[in-house]
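Trainee: Have a look at this one.
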Amino acid sequence: ASLLTRLTVLAGVSEPGGAKNIALVAKEFGQKAVFKIFSSKGATQILQRTGLAFEQADQIEQLSEARELLYVIRPTVILTGRGIQPNSLERLLVRAARDIGIPSVGLIDEWYDYRANYSDKTGSWDSLPNIICCPDEQARREAAGEGLPTEGLLVTGSPALAAVFDRREKYRAFPPSRPGMLPPEGSGPMLVFLSEVIQSNPDATSPDTGARLGGNSPGYNEYSVRQDLRNILESTFEAVTVIEKLHPSADPGNYPAIKSSSVDWRTVLDADLELLCWWADMVVGMRSAALIDARLLGTSTVSFQPGLVGENRCTAVRKGMVPCFLSRNSFQTWLQDRACSPEKDFIGRPEFAFLRSTQNVFSALTQVTVGF
């Protein structure tokens, strides 16, 4: 493709992480290329917040349907996040693009599952994009270690995490006003709990049944942890507010508010995560990628994984950014010591929040079309 003609980028995302990254690229380079964004599942709620035009693609479930879409849109290049499911929108689009001869660029937004995101059950690379944008050198090294072809791995930085860092700097210069959904200042500590969908089919009518662990659980799930959290907070504080931020793919009906005399428990699905974390006295999660965002924002942030079985998949912990508590007692002890000092602690700009991350991803899109 000649670079004189504007690129037509078909972007496909089904996960929140990919959606955040791709939205930033489309916003910054919308004048230089035509972006046609297709969204499914957990990505949709994120895209709705951005104000970008996008189309729903939940109906695309087969390779033939993905091919059909490419014939209609006729893109110069495909841009996707990562999709762990074999028939995820991301993987179908990359496979269809390979069949037709359209180049593709993928974005890694987490530091695990490198091989699993692009290979099928037999281990063959059925949905490997031509270029994979890695958030930092660690991700590139780990991806290569899992066998991804090194010539396709490019360290670009993470547009989404760079944006969180930039927003923090803006907040430090011009503090944002306190959101109305938060309790008034002076009414005790305010804690944000980053929930995840770990238990696939809870019995929501009884929170206790939800907390029973399935066979392949990491030793806890979001129901057991929210109960542990309530019990620990009740015995530590006279009054405390918890804002449970549900995962974008969660069904709010499965997460009834927790009743407690001293814990004011509120559950939100759609909220400005950065603003919540900025105002929180503390952010607690299990292994959510958003723990990185919270730490970047300078708020006291911890991973709480009581009874963890197997490897620790929390990136913020693996990178040494936040402490991790594997027992209720250790977390409670920390909480008691910590409760009196909610000062912010700002770290410098990490490699993955590289200033030019968004430009680097767009460069990958233009470069991959040149050789095609």
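For the structure tokens, the naming scheme is as follows: chains receive sequential letters (A, B, ...) according to their order of presentation, residues are indexed from 1 within each chain, and ligands are indexed from 1 in presentation order.
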Would you write out, as JSON lines, a table of all residues in stretch 46-164 of chain A that have an atom no more than 12 Å from an atom of stretch 247-265 of chain A, listing for each the closest atom pair and the distance in Å to one decimal, considering only C-alpha atoms and ordering rows by chain and rising residue number?
Mentor:
```
{"residue": "A:Ile46", "atom": "CA", "partner": "A:Pro248", "partner_atom": "CA", "distance": 7.5}
{"residue": "A:Leu47", "atom": "CA", "partner": "A:Pro248", "partner_atom": "CA", "distance": 10.9}
{"residue": "A:Gln48", "atom": "CA", "partner": "A:Pro248", "partner_atom": "CA", "distance": 11.4}
{"residue": "A:Arg49", "atom": "CA", "partner": "A:Pro248", "partner_atom": "CA", "distance": 11.6}
```
Trainee: Write out as a Markdown table a residue-level contact list of stretch 209-291 of chain A versus stretch 307-329 of chain A with cut-off 7 Å: for each qualifying residue the closest pair of atoms and the distance in Å to one decimal, counting only C-alpha atoms, rows sorted by chain and residue number upward.
Mentor:
```
| residue | atom | partner | partner_atom | distance |
| --- | --- | --- | --- | --- |
| A:Pro218 | CA | A:Val309 | CA | 5.1 |
| A:Gly219 | CA | A:Leu308 | CA | 4.7 |
| A:Tyr220 | CA | A:Gly307 | CA | 6.5 |
| A:Arg287 | CA | A:Cys314 | CA | 4.1 |
| A:Ser288 | CA | A:Cys314 | CA | 6.7 |
| A:Ala289 | CA | A:Thr315 | CA | 6.7 |
| A:Leu291 | CA | A:Ala316 | CA | 6.2 |
```
Trainee: Taking the DSSP assignment computed from this structure's backbone, write out as a PyMOL selection string all residues of stretch 165-322 of chain A that belong to strand (DSSP E or B).
Mentor: chain A and resi 190-194+240-245+263-268+282-285+301-304
Trainee: Going by DSSP on the backbone, which bits of stretch 110-343 of chain A are helix (DSSP H, G or I)? Write them as a ChimeraX atom specification, please.
Mentor: /A:137-145,150-152,159-173,207-210,222-234,252-254,273-279,290-296,315-318,328-338
Trainee: For a quick check of understanding, using only C-alpha atoms, which of A:Thr358, A:Ser224, A:Thr369, A:Thr50 has the smallest distance to A:Gln199?
Mentor: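 Smallest distance to A:Gln199 is found for A:Ser224.
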Trainee: Counting only C-alpha atoms, which residues of stretch 78-131 of chain A sit at most 8 Å from some atom of stretch 52-65 of chain A, and what is each one's closest atom pair with its distance in Å to one decimal, listed by chain and rising residue number, as a tab-separated table?
Mentor:
```
residue	atom	partner	partner_atom	distance
A:Asn87	CA	A:Glu61	CA	6.2
A:Ser88	CA	A:Glu61	CA	7.3
A:Leu89	CA	A:Ile60	CA	6.9
A:Leu92	CA	A:Leu63	CA	5.5
A:Leu93	CA	A:Leu63	CA	7.7
A:Arg95	CA	A:Leu63	CA	7.4
A:Ala96	CA	A:Leu63	CA	6.3
```
Trainee: Kindly save the residues from that selection, with N, CA, C and O atoms included, as a PDB file, in the first residue's frame.
Mentor:
```pdb
ATOM      1  N   ASN A  87     -12.250 -18.744  19.408  1.00  0.00           N
ATOM      2  CA  ASN A  87     -13.135 -18.080  18.435  1.00  0.00           C
ATOM      3  C   ASN A  87     -13.402 -16.630  18.826  1.00  0.00           C
ATOM      4  O   ASN A  87     -14.420 -16.051  18.478  1.00  0.00           O
ATOM      5  N   SER A  88     -12.440 -16.017  19.576  1.00  0.00           N
ATOM      6  CA  SER A  88     -12.600 -14.602  19.929  1.00  0.00           C
ATOM      7  C   SER A  88     -12.501 -13.763  18.661  1.00  0.00           C
ATOM      8  O   SER A  88     -11.893 -14.172  17.660  1.00  0.00           O
ATOM      9  N   LEU A  89     -13.088 -12.596  18.702  1.00  0.00           N
ATOM     10  CA  LEU A  89     -13.084 -11.687  17.554  1.00  0.00           C
ATOM     11  C   LEU A  89     -11.655 -11.420  17.074  1.00  0.00           C
ATOM     12  O   LEU A  89     -11.372 -11.446  15.869  1.00  0.00           O
ATOM     13  N   LEU A  92     -10.237 -14.533  15.185  1.00  0.00           N
ATOM     14  CA  LEU A  92     -10.926 -14.763  13.904  1.00  0.00           C
ATOM     15  C   LEU A  92     -10.477 -13.747  12.861  1.00  0.00           C
ATOM     16  O   LEU A  92     -10.252 -14.085  11.691  1.00  0.00           O
ATOM     17  N   LEU A  93     -10.335 -12.482  13.267  1.00  0.00           N
ATOM     18  CA  LEU A  93      -9.932 -11.436  12.316  1.00  0.00           C
ATOM     19  C   LEU A  93      -8.510 -11.677  11.807  1.00  0.00           C
ATOM     20  O   LEU A  93      -8.234 -11.536  10.611  1.00  0.00           O
ATOM     21  N   ARG A  95      -6.908 -14.550  11.671  1.00  0.00           N
ATOM     22  CA  ARG A  95      -6.903 -15.736  10.788  1.00  0.00           C
ATOM     23  C   ARG A  95      -7.483 -15.399   9.414  1.00  0.00           C
ATOM     24  O   ARG A  95      -6.929 -15.798   8.379  1.00  0.00           O
ATOM     25  N   ALA A  96      -8.578 -14.651   9.407  1.00  0.00           N
ATOM     26  CA  ALA A  96      -9.204 -14.260   8.135  1.00  0.00           C
ATOM     27  C   ALA A  96      -8.246 -13.388   7.326  1.00  0.00           C
ATOM     28  O   ALA A  96      -8.108 -13.544   6.106  1.00  0.00           O
TER      29      ALA A  96
END
```
Trainee: Any idea what the distance is between atom CA of A:Val197 and atom CA of A:Asp293?
Mentor: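 Value for the atom CA of A:Val197-atom CA of A:Asp293 distance: 18.6 Å.
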Trainee: Rank nothing, just name the residue among A:Pro179, A:Leu161, A:Val13, A:Ser124 nearest to A:Glu90, using only C-alpha atoms.
Mentor: A:Val13
Trainee: Pick out the residues sitting within 9 Å of stretch 148-154 of chain A, and hand them over as a PyMOL selection string; count only C-alpha atoms, and ignore anything fewer than 4 positions along from it in its own chain.
Mentor: chain A and resi 114-115+118+125+128-137+140-141+143-144+364
Trainee: Keeping only all heavy atoms, take the residues you just selected and write them out as a compact mmCIF listing (two decimals), in the first residue's frame.
Mentor:
```
# COMPACT_ATOMS: atom_id res chain seq x y z
N TYR A 114 1.37 -15.56 26.62
CA TYR A 114 1.85 -15.13 25.30
C TYR A 114 1.53 -16.19 24.24
O TYR A 114 0.93 -15.90 23.21
CB TYR A 114 3.36 -14.89 25.33
CG TYR A 114 3.78 -13.87 26.37
CD1 TYR A 114 4.24 -14.27 27.62
CD2 TYR A 114 3.70 -12.50 26.10
CE1 TYR A 114 4.63 -13.33 28.57
CE2 TYR A 114 4.08 -11.56 27.05
CZ TYR A 114 4.55 -11.99 28.29
OH TYR A 114 4.91 -11.08 29.23
N ARG A 115 1.93 -17.43 24.54
CA ARG A 115 1.70 -18.49 23.57
C ARG A 115 0.21 -18.79 23.41
O ARG A 115 -0.31 -18.92 22.31
CB ARG A 115 2.45 -19.76 24.01
CG ARG A 115 2.41 -20.83 22.97
CD ARG A 115 3.21 -22.08 23.30
NE ARG A 115 3.26 -22.88 22.08
CZ ARG A 115 4.23 -22.79 21.20
NH1 ARG A 115 5.26 -21.98 21.39
NH2 ARG A 115 4.19 -23.52 20.10
N TYR A 118 -2.12 -16.90 20.92
CA TYR A 118 -1.95 -16.96 19.47
C TYR A 118 -1.88 -18.37 18.90
O TYR A 118 -1.78 -18.53 17.69
CB TYR A 118 -0.68 -16.19 19.06
CG TYR A 118 -0.70 -14.76 19.56
CD1 TYR A 118 0.16 -14.33 20.57
CD2 TYR A 118 -1.60 -13.84 19.03
CE1 TYR A 118 0.13 -13.02 21.03
CE2 TYR A 118 -1.65 -12.53 19.49
CZ TYR A 118 -0.78 -12.13 20.49
OH TYR A 118 -0.82 -10.84 20.95
N TRP A 125 0.70 -21.90 15.43
CA TRP A 125 0.38 -20.47 15.51
C TRP A 125 -0.78 -20.16 14.56
O TRP A 125 -0.58 -19.63 13.49
CB TRP A 125 1.60 -19.64 15.12
CG TRP A 125 2.79 -19.86 16.00
CD1 TRP A 125 3.96 -20.45 15.63
CD2 TRP A 125 2.91 -19.51 17.37
NE1 TRP A 125 4.82 -20.49 16.72
CE2 TRP A 125 4.20 -19.92 17.78
CE3 TRP A 125 2.07 -18.91 18.29
CZ2 TRP A 125 4.66 -19.73 19.08
CZ3 TRP A 125 2.53 -18.71 19.59
CH2 TRP A 125 3.81 -19.12 19.97
N LEU A 128 -1.47 -15.78 14.71
CA LEU A 128 -0.34 -14.91 15.06
C LEU A 128 -0.30 -13.71 14.12
O LEU A 128 -0.16 -13.88 12.92
CB LEU A 128 0.95 -15.72 14.94
CG LEU A 128 2.23 -15.08 15.47
CD1 LEU A 128 2.18 -14.96 16.99
CD2 LEU A 128 3.44 -15.90 15.05
N PRO A 129 -0.42 -12.48 14.66
CA PRO A 129 -0.32 -11.29 13.78
C PRO A 129 1.11 -11.15 13.24
O PRO A 129 2.06 -11.73 13.79
CB PRO A 129 -0.66 -10.13 14.72
CG PRO A 129 -1.28 -10.75 15.94
CD PRO A 129 -0.69 -12.11 16.05
N ASN A 130 1.26 -10.37 12.18
CA ASN A 130 2.60 -10.15 11.60
C ASN A 130 3.50 -9.42 12.58
O ASN A 130 4.70 -9.70 12.67
CB ASN A 130 2.49 -9.34 10.31
CG ASN A 130 1.67 -10.06 9.27
OD1 ASN A 130 0.46 -9.86 9.19
ND2 ASN A 130 2.30 -10.93 8.50
N ILE A 131 2.95 -8.43 13.27
CA ILE A 131 3.72 -7.70 14.29
C ILE A 131 2.93 -7.74 15.59
O ILE A 131 1.70 -7.57 15.60
CB ILE A 131 3.96 -6.24 13.88
CG1 ILE A 131 4.93 -6.18 12.68
CG2 ILE A 131 4.54 -5.42 15.05
CD1 ILE A 131 5.29 -4.77 12.26
N ILE A 132 3.63 -7.96 16.71
CA ILE A 132 3.01 -7.90 18.03
C ILE A 132 3.68 -6.80 18.83
O ILE A 132 4.91 -6.82 19.04
CB ILE A 132 3.12 -9.25 18.77
CG1 ILE A 132 2.35 -10.33 17.99
CG2 ILE A 132 2.58 -9.13 20.18
CD1 ILE A 132 2.52 -11.71 18.55
N CYS A 133 2.89 -5.80 19.23
CA CYS A 133 3.40 -4.67 20.00
C CYS A 133 3.47 -5.08 21.48
O CYS A 133 2.45 -5.44 22.08
CB CYS A 133 2.48 -3.47 19.85
SG CYS A 133 2.34 -2.89 18.14
N CYS A 134 4.68 -5.03 22.03
CA CYS A 134 4.90 -5.44 23.42
C CYS A 134 5.01 -4.20 24.31
O CYS A 134 5.64 -3.22 23.92
CB CYS A 134 6.19 -6.25 23.55
SG CYS A 134 6.23 -7.71 22.47
N PRO A 135 4.46 -4.25 25.54
CA PRO A 135 4.50 -3.07 26.40
C PRO A 135 5.89 -2.70 26.89
O PRO A 135 6.18 -1.53 27.13
CB PRO A 135 3.58 -3.43 27.57
CG PRO A 135 3.47 -4.92 27.55
CD PRO A 135 3.65 -5.34 26.12
N ASP A 136 6.77 -3.69 27.04
CA ASP A 136 8.14 -3.39 27.47
C ASP A 136 9.06 -4.55 27.11
O ASP A 136 8.62 -5.56 26.54
CB ASP A 136 8.21 -3.05 28.97
CG ASP A 136 7.77 -4.21 29.87
OD1 ASP A 136 7.52 -5.32 29.36
OD2 ASP A 136 7.65 -4.00 31.10
N GLU A 137 10.33 -4.37 27.45
CA GLU A 137 11.34 -5.38 27.11
C GLU A 137 11.07 -6.71 27.83
O GLU A 137 11.29 -7.79 27.27
CB GLU A 137 12.73 -4.83 27.48
CG GLU A 137 13.89 -5.75 27.18
CD GLU A 137 13.98 -6.22 25.73
OE1 GLU A 137 13.66 -5.44 24.81
OE2 GLU A 137 14.34 -7.39 25.53
N ARG A 140 8.58 -8.58 25.79
CA ARG A 140 9.18 -9.10 24.56
C ARG A 140 10.03 -10.34 24.86
O ARG A 140 9.94 -11.35 24.17
CB ARG A 140 10.07 -8.02 23.91
CG ARG A 140 10.52 -8.38 22.48
CD ARG A 140 11.73 -7.58 22.04
NE ARG A 140 12.91 -7.92 22.83
CZ ARG A 140 13.64 -9.03 22.66
NH1 ARG A 140 13.30 -9.93 21.75
NH2 ARG A 140 14.69 -9.26 23.43
N ARG A 141 10.79 -10.27 25.96
CA ARG A 141 11.65 -11.38 26.34
C ARG A 141 10.82 -12.61 26.71
O ARG A 141 11.11 -13.73 26.30
CB ARG A 141 12.51 -10.92 27.53
CG ARG A 141 13.79 -11.67 27.73
CD ARG A 141 14.68 -11.02 28.79
NE ARG A 141 13.96 -10.76 30.05
CZ ARG A 141 13.76 -9.53 30.56
NH1 ARG A 141 14.22 -8.47 29.92
NH2 ARG A 141 13.10 -9.37 31.69
N ALA A 143 7.73 -13.27 25.80
CA ALA A 143 7.03 -13.77 24.61
C ALA A 143 7.98 -14.62 23.77
O ALA A 143 7.63 -15.72 23.32
CB ALA A 143 6.49 -12.60 23.79
N ALA A 144 9.20 -14.13 23.59
CA ALA A 144 10.20 -14.89 22.83
C ALA A 144 10.50 -16.21 23.54
O ALA A 144 10.65 -17.26 22.92
CB ALA A 144 11.47 -14.06 22.65
N ALA A 364 3.88 0.99 13.71
CA ALA A 364 3.85 -0.45 13.38
C ALA A 364 2.80 -0.71 12.29
O ALA A 364 3.01 -1.51 11.38
CB ALA A 364 3.55 -1.28 14.62
```
Trainee: Quote the spacing between atom CA of A:Thr267 and atom CA of A:Ala280 in Å to one decimal place.
Mentor: 14.5 Å
Trainee: Considering only C-alpha atoms, state which residue in the set A:Ala162, A:Val268, A:Ala294, A:Met286 is at the smallest distance from A:Pro350.
Mentor: A:Ala162
